[in-house]
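Structure data (compact mmCIF, C-alpha atoms) from coords_9.txt:
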```
# COMPACT_ATOMS: atom_id res chain seq x y z
CA MET A 1 -55.68 -27.80 -35.56
CA ILE A 2 -52.16 -29.00 -36.23
CA LYS A 3 -51.92 -32.27 -38.10
CA TYR A 4 -48.68 -34.17 -37.79
CA TYR A 5 -47.92 -36.86 -40.32
CA ASN A 6 -45.34 -39.55 -39.78
CA LYS A 7 -44.50 -39.74 -43.45
CA ILE A 8 -43.75 -36.20 -44.57
CA ALA A 9 -40.70 -36.79 -46.71
CA THR A 10 -42.20 -34.92 -49.62
CA VAL A 11 -43.09 -31.96 -47.42
CA ILE A 12 -39.52 -31.83 -46.12
CA ALA A 13 -38.34 -31.77 -49.72
CA PHE A 14 -40.52 -28.72 -50.23
CA ALA A 15 -39.10 -27.10 -47.12
CA LEU A 16 -35.66 -27.10 -48.64
CA ILE A 17 -36.70 -25.03 -51.65
CA VAL A 18 -39.81 -22.98 -50.91
CA THR A 19 -39.90 -19.50 -49.42
CA SER A 20 -42.51 -18.06 -47.15
CA CYS A 21 -44.63 -17.41 -50.22
CA SER A 22 -47.14 -20.00 -51.43
CA THR A 23 -46.15 -22.45 -54.12
CA ASP A 24 -47.70 -25.16 -56.25
CA THR A 25 -48.10 -28.66 -54.83
CA GLU A 26 -45.78 -30.21 -57.38
CA VAL A 27 -42.15 -29.12 -57.77
CA GLU A 28 -39.66 -30.64 -60.22
CA GLY A 29 -41.79 -33.74 -60.61
CA ILE A 30 -42.07 -34.41 -56.87
CA ASN A 31 -45.71 -34.93 -56.00
CA ALA A 32 -46.85 -33.64 -52.62
CA GLY A 33 -49.06 -36.65 -52.09
CA GLU A 34 -52.77 -37.21 -51.73
CA ASP A 35 -53.08 -35.24 -48.49
CA PHE A 36 -51.77 -32.09 -50.15
CA THR A 37 -53.40 -32.29 -53.57
CA ASN A 38 -54.76 -28.95 -54.69
CA THR A 39 -53.18 -27.11 -51.75
CA HIS A 40 -50.57 -24.39 -51.52
CA ILE A 41 -47.78 -24.69 -49.00
CA ARG A 42 -46.04 -21.94 -47.05
CA VAL A 43 -43.05 -22.70 -44.88
CA LEU A 44 -42.45 -20.42 -41.90
CA SER A 45 -39.49 -20.19 -39.56
CA ILE A 46 -40.71 -19.07 -36.15
CA ASP A 47 -38.31 -18.15 -33.33
CA THR A 48 -40.50 -16.03 -31.05
CA PHE A 49 -41.37 -18.74 -28.52
CA SER A 50 -40.13 -18.06 -25.01
CA VAL A 51 -37.52 -20.42 -23.54
CA ALA A 52 -37.61 -20.56 -19.73
CA PHE A 53 -34.52 -21.73 -17.83
CA SER A 54 -34.31 -22.72 -14.20
CA THR A 55 -31.88 -24.76 -12.10
CA MET A 56 -32.85 -27.73 -9.97
CA LYS A 57 -30.78 -30.27 -8.06
CA PHE A 58 -31.29 -34.01 -7.79
CA ASP A 59 -31.36 -35.17 -4.19
CA SER A 60 -28.77 -37.80 -5.08
CA ILE A 61 -27.16 -39.49 -8.06
CA ILE A 62 -25.62 -42.95 -8.28
CA THR A 63 -21.81 -42.86 -8.16
CA SER A 64 -21.07 -46.54 -7.50
CA GLU A 65 -21.38 -47.10 -11.26
CA SER A 66 -18.85 -44.40 -12.05
CA SER A 67 -15.96 -45.18 -14.34
CA SER A 68 -13.52 -43.33 -12.04
CA LEU A 69 -12.48 -42.76 -8.49
CA LEU A 70 -12.87 -38.98 -8.22
CA ILE A 71 -10.66 -37.26 -5.65
CA GLY A 72 -9.82 -33.59 -5.21
CA LYS A 73 -11.04 -30.15 -4.31
CA TYR A 74 -11.24 -26.74 -5.95
CA ILE A 75 -13.02 -23.42 -5.49
CA ASP A 76 -15.25 -22.26 -8.33
CA ASP A 77 -16.82 -18.83 -8.89
CA ASP A 78 -20.07 -20.44 -10.10
CA MET A 79 -20.32 -23.70 -8.14
CA GLY A 80 -18.63 -22.85 -4.84
CA VAL A 81 -16.25 -25.24 -3.08
CA VAL A 82 -16.41 -28.58 -4.88
CA THR A 83 -15.04 -31.63 -3.05
CA ALA A 84 -14.79 -35.25 -4.20
CA SER A 85 -13.60 -38.22 -2.16
CA SER A 86 -13.66 -41.95 -2.84
CA ASN A 87 -14.57 -44.87 -0.60
CA PHE A 88 -13.89 -48.50 -1.44
CA GLN A 89 -13.62 -52.04 -0.16
CA LEU A 90 -10.85 -54.42 -1.20
CA ASN A 91 -10.65 -58.14 -1.86
CA THR A 92 -8.68 -60.71 -3.84
CA ALA A 93 -9.25 -63.87 -5.82
CA SER A 94 -6.87 -65.95 -3.68
CA TYR A 95 -6.21 -65.64 0.06
CA TYR A 96 -2.88 -67.44 -0.01
CA ILE A 97 0.66 -66.28 0.77
CA ASP A 98 3.62 -68.63 1.25
CA ASN A 99 4.07 -69.60 4.90
CA ASP A 100 7.68 -68.35 4.95
CA ALA A 101 6.96 -64.97 3.32
CA ILE A 102 8.14 -61.78 5.06
CA LEU A 103 6.74 -58.38 4.20
CA ASP A 104 9.11 -55.74 2.81
CA SER A 105 6.70 -52.85 2.21
CA VAL A 106 3.15 -51.94 1.25
CA GLY A 107 1.72 -49.20 -0.92
CA LEU A 108 -1.39 -48.05 -2.74
CA VAL A 109 -1.15 -47.79 -6.53
CA LEU A 110 -3.66 -45.34 -8.02
CA GLY A 111 -3.82 -45.63 -11.80
CA TYR A 112 -4.60 -42.37 -13.57
CA ASP A 113 -7.47 -42.71 -16.04
CA THR A 114 -6.66 -39.37 -17.79
CA TYR A 115 -9.73 -37.52 -16.42
CA TYR A 116 -9.13 -34.25 -14.62
CA TYR A 117 -10.98 -30.99 -14.06
CA ASN A 118 -9.57 -27.58 -13.17
CA ASP A 119 -5.97 -26.65 -12.39
CA THR A 120 -3.56 -29.60 -12.16
CA THR A 121 -0.55 -27.30 -11.65
CA GLN A 122 -1.60 -26.70 -8.05
CA VAL A 123 -0.40 -28.89 -5.19
CA SER A 124 -2.94 -31.49 -4.05
CA THR A 125 -3.17 -33.70 -0.98
CA LEU A 126 -4.43 -37.24 -0.55
CA ASN A 127 -5.45 -38.27 2.97
CA ILE A 128 -5.89 -42.04 3.19
CA HIS A 129 -8.06 -43.23 6.10
CA ARG A 130 -9.37 -46.56 7.26
CA LEU A 131 -13.16 -46.93 7.29
CA THR A 132 -14.61 -47.68 10.73
CA GLU A 133 -17.72 -49.33 9.34
CA LYS A 134 -18.39 -51.53 6.36
CA MET A 135 -19.91 -49.82 3.34
CA SER A 136 -23.61 -50.64 3.15
CA SER A 137 -26.58 -49.76 0.98
CA GLU A 138 -30.31 -50.46 1.14
CA ASP A 139 -30.70 -50.81 -2.63
CA SER A 140 -27.28 -52.07 -3.80
CA TYR A 141 -26.32 -48.60 -5.06
CA TYR A 142 -24.17 -45.90 -3.52
CA TYR A 143 -24.74 -42.21 -4.15
CA ASN A 144 -22.89 -38.91 -4.20
CA THR A 145 -24.54 -38.23 -0.83
CA THR A 146 -23.62 -41.59 0.77
CA GLU A 147 -21.36 -41.33 3.80
CA THR A 148 -19.34 -44.00 5.59
CA SER A 149 -17.55 -43.25 8.86
CA TYR A 150 -13.76 -43.34 8.96
CA GLU A 151 -10.88 -42.82 11.37
CA ALA A 152 -10.14 -39.16 12.01
CA THR A 153 -6.39 -39.63 11.73
CA PRO A 154 -5.22 -40.70 8.28
CA LEU A 155 -2.95 -43.67 7.75
CA VAL A 156 -0.85 -41.38 5.59
CA SER A 157 -1.06 -38.03 3.82
CA ARG A 158 0.59 -37.52 0.44
CA THR A 159 1.18 -34.08 -1.07
CA PHE A 160 1.86 -34.05 -4.81
CA ILE A 161 1.25 -32.29 -8.12
CA PRO A 162 -1.14 -34.39 -10.23
CA THR A 163 0.16 -35.73 -13.56
CA PRO A 164 -2.86 -37.39 -15.21
CA SER A 165 -0.84 -38.05 -18.35
CA LYS A 166 1.29 -40.58 -16.44
CA ASP A 167 0.42 -44.18 -15.59
CA SER A 168 -0.10 -44.03 -11.86
CA LEU A 169 0.57 -42.50 -8.48
CA PHE A 170 2.21 -44.62 -5.77
CA VAL A 171 1.56 -43.90 -2.09
CA THR A 172 3.64 -45.76 0.50
CA LEU A 173 1.57 -46.92 3.49
CA PRO A 174 2.79 -47.53 7.06
CA TYR A 175 4.63 -50.82 7.52
CA ASP A 176 2.71 -51.85 10.63
CA PHE A 177 -0.62 -51.39 8.78
CA GLY A 178 0.58 -53.68 5.99
CA GLU A 179 2.29 -56.18 8.24
CA GLU A 180 -0.85 -56.92 10.22
CA LEU A 181 -2.92 -57.64 7.10
CA PHE A 182 -0.13 -59.53 5.36
CA ASN A 183 0.58 -61.81 8.30
CA ASP A 184 -3.11 -62.52 8.85
CA ILE A 185 -3.50 -63.64 5.24
CA ARG A 186 -0.26 -65.67 5.39
CA ASP A 187 -1.28 -67.32 8.66
CA ASN A 188 -4.83 -68.12 7.44
CA ASN A 189 -6.52 -65.75 9.87
CA ILE A 190 -7.97 -64.03 6.81
CA THR A 191 -9.33 -66.60 4.37
CA ASP A 192 -12.21 -64.88 2.56
CA ASN A 193 -13.82 -61.50 1.94
CA GLU A 194 -15.77 -61.43 5.19
CA SER A 195 -12.77 -62.16 7.37
CA LEU A 196 -10.85 -59.49 5.46
CA TYR A 197 -13.61 -56.95 6.15
CA GLN A 198 -13.34 -57.74 9.85
CA LYS A 199 -9.73 -56.52 9.70
CA LEU A 200 -10.03 -53.86 7.00
CA LYS A 201 -13.53 -52.55 6.43
CA GLY A 202 -12.36 -50.32 3.64
CA ILE A 203 -10.47 -47.19 2.72
CA THR A 204 -11.47 -43.62 2.01
CA ILE A 205 -9.25 -41.15 0.15
CA ARG A 206 -10.01 -37.51 0.81
CA PRO A 207 -8.48 -34.25 -0.43
CA GLY A 208 -6.71 -31.79 1.85
CA ALA A 209 -8.84 -29.27 3.71
CA ASN A 210 -6.96 -26.36 2.13
CA ASP A 211 -6.68 -27.76 -1.40
CA ASP A 212 -7.74 -25.55 -4.29
CA GLY A 213 -6.56 -27.26 -7.43
CA SER A 214 -8.25 -30.03 -9.35
CA ILE A 215 -10.33 -33.16 -9.19
CA ILE A 216 -8.54 -36.19 -10.62
CA GLY A 217 -9.95 -39.44 -11.99
CA TYR A 218 -8.28 -42.72 -11.00
CA SER A 219 -9.06 -46.08 -12.57
CA VAL A 220 -11.24 -48.61 -10.76
CA SER A 221 -9.73 -51.50 -12.75
CA SER A 222 -7.84 -54.15 -10.78
CA GLU A 223 -5.04 -53.87 -13.34
CA ASP A 224 -4.51 -50.18 -12.57
CA THR A 225 -5.49 -49.54 -8.96
CA TYR A 226 -4.64 -51.88 -6.07
CA LEU A 227 -3.12 -52.27 -2.62
CA ARG A 228 0.23 -54.01 -3.19
CA PHE A 229 2.33 -55.94 -0.68
CA TYR A 230 6.01 -56.48 -1.54
CA TYR A 231 7.58 -59.51 0.16
CA LYS A 232 10.46 -61.98 0.07
CA ILE A 233 10.89 -65.62 1.00
CA PRO A 234 14.10 -66.15 3.04
CA ASP A 235 16.60 -68.91 2.23
CA GLU A 236 15.57 -69.10 -1.41
CA LEU A 237 18.44 -69.36 -3.84
CA ASP A 238 17.22 -66.31 -5.77
CA THR A 239 16.48 -62.93 -4.26
CA ASP A 240 13.32 -62.19 -6.20
CA GLU A 241 10.78 -59.86 -4.65
CA TYR A 242 7.20 -61.07 -4.80
CA THR A 243 3.97 -59.09 -4.78
CA TYR A 244 0.48 -59.74 -3.47
CA ASP A 245 -2.44 -57.47 -4.40
CA LEU A 246 -5.83 -56.51 -3.04
CA SER A 247 -8.05 -54.79 -5.61
CA ILE A 248 -11.24 -52.75 -5.45
CA ASN A 249 -14.46 -54.63 -4.90
CA GLU A 250 -17.15 -52.02 -4.24
CA PHE A 251 -16.70 -48.25 -4.32
CA TYR A 252 -18.48 -44.92 -4.58
CA ASN A 253 -17.60 -41.26 -4.88
CA HIS A 254 -18.86 -38.78 -2.30
CA ILE A 255 -19.26 -35.43 -4.06
CA GLU A 256 -20.46 -32.21 -2.52
CA SER A 257 -20.37 -28.47 -3.07
CA ASP A 258 -20.56 -25.61 -0.61
CA VAL A 259 -22.57 -22.89 -2.38
CA SER A 260 -22.82 -20.47 0.54
CA GLY A 261 -23.35 -16.93 -0.71
CA LEU A 262 -24.17 -18.02 -4.27
CA PRO A 263 -27.57 -18.06 -6.03
CA LEU A 264 -27.54 -21.87 -5.79
CA GLU A 265 -27.90 -21.53 -2.01
CA LEU A 266 -31.62 -20.89 -2.60
CA ILE A 267 -32.15 -24.48 -3.81
CA THR A 268 -33.31 -26.33 -0.71
CA ASP A 269 -34.72 -29.55 -2.19
CA GLN A 270 -35.25 -31.36 -5.48
CA GLU A 271 -38.59 -29.68 -6.20
CA TYR A 272 -37.19 -26.15 -5.95
CA ASN A 273 -36.65 -24.38 -9.28
CA LEU A 274 -34.22 -21.46 -9.32
CA SER A 275 -35.33 -19.26 -12.22
CA SER A 276 -32.58 -17.80 -14.39
CA SER A 277 -34.14 -14.40 -13.71
CA ASP A 278 -33.13 -14.91 -10.06
CA SER A 279 -29.57 -15.99 -10.92
CA ASN A 280 -28.35 -13.17 -13.15
CA GLY A 281 -29.68 -14.62 -16.39
CA ILE A 282 -27.85 -17.94 -16.17
CA SER A 283 -28.65 -21.52 -15.22
CA TYR A 284 -26.36 -24.28 -13.98
CA ASN A 285 -25.41 -27.81 -14.96
CA GLN A 286 -22.80 -29.80 -13.06
CA SER A 287 -22.03 -33.50 -13.17
CA GLY A 288 -21.51 -35.28 -9.90
CA THR A 289 -23.22 -32.73 -7.66
CA GLY A 290 -26.67 -33.11 -9.24
CA TYR A 291 -27.33 -29.62 -10.63
CA VAL A 292 -29.19 -29.49 -13.96
CA THR A 293 -30.85 -26.85 -16.11
CA LYS A 294 -34.59 -27.29 -16.52
CA ILE A 295 -35.92 -26.12 -19.91
CA GLU A 296 -39.55 -25.20 -20.59
CA PHE A 297 -41.46 -23.55 -23.44
CA PRO A 298 -44.31 -21.59 -21.81
CA THR A 299 -45.64 -20.08 -25.05
CA LEU A 300 -45.34 -23.17 -27.24
CA LYS A 301 -49.07 -23.46 -27.90
CA ASP A 302 -49.10 -20.00 -29.41
CA ILE A 303 -48.42 -21.97 -32.59
CA TYR A 304 -52.17 -22.44 -32.78
CA ASP A 305 -52.55 -18.70 -33.29
CA VAL A 306 -51.15 -19.09 -36.80
CA GLY A 307 -54.63 -20.19 -37.71
CA GLU A 308 -54.18 -22.50 -40.66
CA SER A 309 -53.63 -26.24 -40.47
CA GLY A 310 -50.00 -27.24 -40.69
CA THR A 311 -47.13 -29.50 -39.73
CA ILE A 312 -43.98 -28.87 -37.72
CA LEU A 313 -41.15 -30.01 -39.96
CA GLU A 314 -38.30 -29.19 -37.62
CA ALA A 315 -37.78 -27.93 -34.08
CA THR A 316 -34.32 -26.89 -32.94
CA LEU A 317 -33.26 -25.44 -29.63
CA TYR A 318 -30.12 -23.31 -29.56
CA ILE A 319 -28.44 -22.65 -26.20
CA GLN A 320 -25.46 -20.41 -25.59
CA PRO A 321 -22.96 -21.38 -22.87
CA ASN A 322 -21.72 -18.50 -20.76
CA THR A 323 -18.40 -17.47 -22.29
CA THR A 324 -16.66 -16.72 -18.98
CA SER A 325 -17.49 -20.07 -17.39
CA HIS A 326 -15.39 -22.43 -19.50
CA SER A 327 -11.71 -22.65 -20.40
CA ASP A 328 -8.97 -25.11 -21.28
CA ILE A 329 -8.97 -26.43 -17.70
CA GLN A 330 -12.79 -26.32 -17.45
CA PRO A 331 -13.85 -27.59 -20.89
CA LEU A 332 -17.39 -27.86 -22.20
CA SER A 333 -18.87 -31.29 -22.85
CA ASP A 334 -19.01 -32.01 -26.58
CA ALA A 335 -22.39 -33.73 -26.40
CA LEU A 336 -25.29 -33.80 -23.96
CA LEU A 337 -28.13 -36.30 -23.74
CA LEU A 338 -31.74 -35.16 -23.65
CA TYR A 339 -34.08 -36.33 -20.87
CA THR A 340 -37.45 -35.33 -19.49
CA ILE A 341 -38.35 -34.70 -15.86
CA ASP A 342 -41.85 -34.61 -14.41
CA GLN A 343 -43.61 -31.98 -12.33
CA ASN A 344 -41.73 -33.14 -9.21
CA ASN A 345 -38.37 -32.90 -11.00
CA ASP A 346 -38.01 -36.68 -10.99
CA LEU A 347 -36.25 -38.19 -13.98
CA ALA A 348 -38.91 -39.46 -16.40
CA SER A 349 -37.42 -40.71 -19.67
CA GLN A 350 -34.70 -40.25 -22.25
CA ILE A 351 -35.68 -38.61 -25.52
CA SER A 352 -35.07 -40.72 -28.59
CA ASN A 353 -36.22 -40.86 -32.20
CA SER A 354 -36.47 -43.62 -34.76
CA ALA A 355 -32.72 -43.58 -35.35
CA ASP A 356 -31.07 -43.08 -31.97
CA VAL A 357 -31.14 -41.22 -28.69
CA VAL A 358 -31.34 -37.45 -29.06
CA SER A 359 -28.31 -35.41 -28.06
CA ALA A 360 -27.15 -31.81 -28.06
CA SER A 361 -24.06 -31.08 -30.12
CA LEU A 362 -21.57 -28.32 -29.48
CA THR A 363 -20.85 -25.98 -32.38
CA THR A 364 -17.66 -23.95 -32.13
CA ASP A 365 -17.22 -22.81 -35.74
CA ASN A 366 -17.36 -19.15 -34.73
CA SER A 367 -15.78 -19.47 -31.28
CA GLU A 368 -13.52 -16.49 -31.86
CA PHE A 369 -16.66 -14.35 -32.04
CA ASN A 370 -18.14 -16.02 -28.91
CA GLU A 371 -20.71 -17.83 -31.03
CA ILE A 372 -20.42 -21.17 -29.31
CA LEU A 373 -23.81 -22.88 -29.22
CA TYR A 374 -25.40 -26.17 -28.28
CA THR A 375 -27.80 -27.33 -31.02
CA ILE A 376 -30.57 -29.68 -29.90
CA PRO A 377 -33.21 -31.30 -32.14
CA VAL A 378 -36.35 -31.21 -30.00
CA ILE A 379 -39.08 -32.05 -32.51
CA ASP A 380 -39.95 -35.30 -30.69
CA PHE A 381 -40.51 -33.45 -27.43
CA ILE A 382 -42.41 -30.60 -29.15
CA ASP A 383 -44.71 -33.06 -30.93
CA GLN A 384 -45.35 -34.80 -27.62
CA LYS A 385 -46.19 -31.54 -25.85
CA LEU A 386 -48.58 -30.39 -28.60
CA SER A 387 -50.45 -33.69 -28.81
CA GLU A 388 -50.54 -34.82 -25.16
CA SER A 389 -53.82 -35.16 -23.36
CA PRO A 390 -54.14 -34.42 -20.52
CA GLU A 391 -51.42 -31.80 -20.39
CA THR A 392 -48.38 -32.51 -18.22
CA GLU A 393 -45.67 -30.35 -16.71
CA ASP A 394 -42.81 -32.36 -18.18
CA ALA A 395 -39.66 -30.37 -18.95
CA LEU A 396 -36.34 -31.01 -20.64
CA ILE A 397 -32.92 -31.40 -19.05
CA LEU A 398 -29.50 -31.93 -20.61
CA ILE A 399 -26.90 -34.17 -19.00
CA PRO A 400 -23.61 -35.64 -20.29
CA SER A 401 -23.20 -39.39 -20.57
CA ASP A 402 -20.56 -39.25 -17.80
CA TYR A 403 -22.88 -37.42 -15.41
CA ASN A 404 -21.98 -39.74 -12.52
CA SER A 405 -18.28 -40.01 -13.44
CA SER A 406 -17.20 -36.39 -13.66
CA ILE A 407 -17.78 -32.96 -12.13
CA ASN A 408 -17.77 -30.82 -15.30
CA LYS A 409 -19.99 -27.75 -15.21
CA ILE A 410 -21.86 -25.88 -17.92
CA ILE A 411 -23.33 -22.43 -17.33
CA PHE A 412 -26.10 -21.57 -19.80
CA ASN A 413 -27.18 -18.07 -20.78
CA ASP A 414 -30.93 -17.60 -20.99
CA SER A 415 -32.53 -15.78 -23.94
CA GLU A 416 -32.00 -12.26 -22.64
CA LYS A 417 -28.49 -12.89 -21.32
CA SER A 418 -27.49 -14.37 -24.70
CA GLU A 419 -29.11 -11.53 -26.65
CA PHE A 420 -31.55 -14.13 -27.97
CA LYS A 421 -28.96 -16.56 -29.30
CA THR A 422 -30.63 -18.99 -26.87
CA LYS A 423 -33.91 -19.66 -28.67
CA LEU A 424 -36.35 -22.24 -30.03
CA VAL A 425 -36.78 -22.24 -33.81
CA LEU A 426 -39.70 -24.07 -35.43
CA THR A 427 -39.98 -24.76 -39.14
CA TYR A 428 -43.73 -24.87 -39.83
CA ALA A 429 -45.47 -25.86 -43.05
CA ILE A 430 -48.94 -24.39 -43.62
CA TYR A 431 -51.32 -25.95 -46.10
CA GLU A 432 -53.65 -23.40 -47.68
```

What does the file become when written as structure tokens?
Amino acid sequence: MIKYYNKIATVIAFALIVTSCSTDTEVEGINAGEDFTNTHIRVLSIDTFSVAFSTMKFDSIITSESSSLLIGKYIDDDMGVVTASSNFQLNTASYYIDNDAILDSVGLVLGYDTYYYNDTTQVSTLNIHRLTEKMSSEDSYYYNTTETSYEATPLVSRTFIPTPSKDSLFVTLPYDFGEELFNDIRDNNITDNESLYQKLKGITIRPGANDDGSIIGYSVSSEDTYLRFYYKIPDELDTDEYTYDLSINEFYNHIESDVSGLPLELITDQEYNLSSSDSNGISYNQSGTGYVTKIEFPTLKDIYDVGESGTILEATLYIQPNTTSHSDIQPLSDALLLYTIDQNNDLASQISNSADVVSASLTTDNSEFNEILYTIPVIDFIDQKLSESPETEDALILIPSDYNSSINKIIFNDSEKSEFKTKLVLTYAIYE
């Protein structure tokens, strides 16, 4: 029976210097402790456990807490046609405009927040529509699957080449659209948020139907993104132009992917697991759309076959990303957070240890030889699985911290596809 001890500092010290041969219980004056007195210790490194990958998809993920408005469309060999559009309501702190003010023009300022994914050198289109119903939610959240109806004909369409390194994108809106809102605020027909929503329920910004370029992140901050009215006051001695802004109140990103003809098409609901053996030896992760790789260790309890009592000192999972699925315009996430899901593929908990939350780190030291790996310390999960009673069907998933604010993908190679670079390695101390 495996015995796990919370205080095994001395055993770990042994692990750094002993080989697989037995050794005395005292090395260089370091005593192994009462539990190990008169015992020999062997330290084994075991990497023969099977690692099973499959892909599942969350029915929905919250996008109203995103840090970006995500807008754009591109076609991906792995993920199909990926489309992101944003929906938002506007309001202001003060519903006051000088009685003599006259509108000059109106436009939407979209502040770039530097996020982008895929090819920004391709022409993109923004179609700006009025919502025909107010955004609503049963639980105060909005999801990637939430839909709000909108006018079929856009207020305006803007074709452009994205420049996320710049401050903002300005889109001029029709004068009559702006004049109606401006005059209603000036004339006190709109005096609060509710009366504004009666006139303007909200706006949706959608990519062009034929776009195949990038998805761009725009800021949700009132300092960066806003509907701006430019106006003057006649008969004033100066000729200054004034501005009046409406900023984003509530918003969400609608994100979807058309995976027709791809292995992902087999995933019909959240409980379906697409084995990597049925998807050419790979599994899928993508922020925004809800795809995640499910990780299981079917042969983990073979550790008991070692026979002698022992302790797991370290457990590390190595995962190889597919080398053809990332590039400068489709970068890999540097770090991924570790969570568990239950037998129904519902999110259960985040893995943490005594110091912090557990994360996977990306190692690219040998990238020129295609030896890019994610390294994940999984000892906390392994200990849990070996000691749990009754047994559960919990599994691991990896997701980036910006899972609801981006659409980055990661394609993982399973053990066979990676020529066994994807593997679980246990460091196991046996007391004889």

Notebook entry, point to check: A:Tyr230, A:Tyr142, A:Tyr403, A:Tyr304: which is nearest Tyr428 (chain A), counting all atoms listed in the file?
Noted result: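 Using all atoms listed in the file, the shortest distance to Tyr428 (chain A) belongs to A:Tyr304.
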
- Message: Env of region 349-352 of chain A: 7 Å cut, atoms = all atoms listed in the file, seq-sep filter 2 positions within chain, self excluded. Answer as a list in words.
- Response: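 Result of the neighbour search: Leu338, Tyr339, Thr340, Leu347, Ser354, Asp356, Val357 and Val358 of chain A.
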
Counting all atoms listed in the file, which residues in region 21-118 of chain A sit no more than 10 Å from region 126-133 of chain A? For each one, give the nearest pair of atoms and the distance in Å, sorted by chain then residue number, as a Markdown table.
```
| residue | atom | partner | partner_atom | distance |
| --- | --- | --- | --- | --- |
| A:Ile71 | CA | A:Leu126 | CA | 8.1 |
| A:Gly72 | CA | A:Leu126 | CA | 8.0 |
| A:Ser85 | CA | A:Leu126 | CA | 9.4 |
| A:Ser86 | CA | A:Ile128 | CA | 9.8 |
| A:Asn87 | CA | A:Leu131 | CA | 8.3 |
| A:Phe88 | CA | A:Leu131 | CA | 8.9 |
| A:Gln89 | CA | A:Leu131 | CA | 9.0 |
| A:Leu108 | CA | A:Ile128 | CA | 9.6 |
```

For the interface of region 66-148 of chain A with region 173-188 of chain A (cut-off 9 Å, counting only C-alpha atoms), please tabulate each contacting residue of region 66-148 of chain A alongside its nearest pair of atoms and their separation in Å to one decimal, rows sorted by chain and increasing number, as CSV.
```
residue,atom,partner,partner_atom,distance
A:Tyr95,CA,A:Ile185,CA,6.2
A:Tyr96,CA,A:Arg186,CA,6.3
A:Ile97,CA,A:Arg186,CA,4.8
A:Asp98,CA,A:Arg186,CA,6.4
A:Asn99,CA,A:Arg186,CA,5.9
A:Asp100,CA,A:Arg186,CA,8.4
A:Ala101,CA,A:Arg186,CA,7.5
A:Ile102,CA,A:Asn183,CA,8.2
A:Leu103,CA,A:Glu179,CA,6.4
A:Asp104,CA,A:Tyr175,CA,8.2
A:Ser105,CA,A:Tyr175,CA,6.0
A:Val106,CA,A:Gly178,CA,5.7
A:Gly107,CA,A:Leu173,CA,5.0
A:Leu108,CA,A:Leu173,CA,7.0
A:Ile128,CA,A:Leu173,CA,8.9
```

Counting only C-alpha atoms, find residues at most 7 Å from (-27.5, -33.5, -5.3) (file frame) and give them as a count of residues only. 8

Distance table requested - region 311-386 of chain A against region 259-271 of chain A, cut-off 10 Å, all atoms listed in the file: one row per qualifying residue with the closest atom pair and its distance in Å to one decimal, ordered by chain and rising residue number, as a Markdown table.
```
| residue | atom | partner | partner_atom | distance |
| --- | --- | --- | --- | --- |
| A:Gln343 | CA | A:Glu271 | CA | 8.3 |
| A:Asn344 | CA | A:Glu271 | CA | 5.6 |
| A:Asn345 | CA | A:Glu271 | CA | 5.8 |
| A:Asp346 | CA | A:Gln270 | CA | 8.1 |
```

Those residues with C-alpha atoms, as a PDB file, in the frame of the given file please?
```pdb
ATOM      1  CA  GLN A 343     -43.610 -31.980 -12.330  1.00  0.00           C
ATOM      2  CA  ASN A 344     -41.730 -33.140  -9.210  1.00  0.00           C
ATOM      3  CA  ASN A 345     -38.370 -32.900 -11.000  1.00  0.00           C
ATOM      4  CA  ASP A 346     -38.010 -36.680 -10.990  1.00  0.00           C
TER       5      ASP A 346
END
```

With all atoms listed in the file as the atoms that count, which of A:Thr55, A:Gln198, A:Ser257, A:Ser149 lies nearest to Asn413 (chain A)?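 Closest to Asn413 (chain A) of all the choices is A:Thr55.
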
Report as a PyMOL selection string all protein, DNA and RNA residues lying within 12 Å of Thr324 (chain A), evaluated on all atoms listed in the file, omitting residues in the same chain fewer than 5 positions from it. chain A and resi 77-78+282+330-332+370+372+410-413

- By how many Å are CA of Lys201 (chain A) and CA of Asp113 (chain A) apart?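 These atoms are spaced 25.3 Å apart.
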
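Using all atoms listed in the file, the smallest distance between any of A:Gln286, A:Thr48, A:Asn193, A:Asn118 and Ile255 (chain A) comes from A:Gln286.
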
Using only C-alpha atoms, which of A:Pro154, A:Pro207, A:Gly80, A:Pro162 sits nearest Thr125 (chain A)?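 Using only C-alpha atoms, the shortest distance to Thr125 (chain A) belongs to A:Pro207.
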
Compare A:Ser221, A:Ser283, A:Thr172, A:Thr364 by their minimum atom-to-atom distance to Ser67 (chain A), counting all atoms listed in the file, and give me the closest one.
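Looking only at the distances to Ser67 (chain A), the closest residue turns out to be A:Ser221.
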
Checklist entry - Which of these residues is nearest to Ser325 (chain A), using only C-alpha atoms: A:Ser359, A:Ser401, A:Ser124, A:Asn408? => result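 Closest candidate: A:Asn408.
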
Could you give me the centre and size, in Å to one decimal, of an axis-aligned box around all listed atoms of region 156-165 of chain A with 4 Å added on every side, as lines of an AutoDock Vina configuration file?
```
center_x = -0.5
center_y = -36.8
center_z = -6.4
size_x = 12.7
size_y = 17.1
size_z = 31.9
```

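CA of Val43 (chain A) is found 9.3 Å from CA of Gly310 (chain A).
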
**Asked** Skipping near chain neighbours, those fewer than 6 positions away, what residues fall within 8 Å of Leu362 (chain A) using all atoms listed in the file, listed as a PyMOL selection string?
**Response** chain A and resi 333-335+372-375

Suppose you want the space between CA of Asp278 (chain A) and CA of Asp342 (chain A); what is it in Å?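 Computing the Euclidean distance for CA of Asp278 (chain A) and CA of Asp342 (chain A) yields 22.0 Å.
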
Excluding Ile216 (chain A) and residues on its chain fewer than 2 positions from it, collect all residues at most 7 Å away from it, counting all atoms listed in the file, and give them as a ChimeraX atom specification. /A:70-72,115-117,214,218
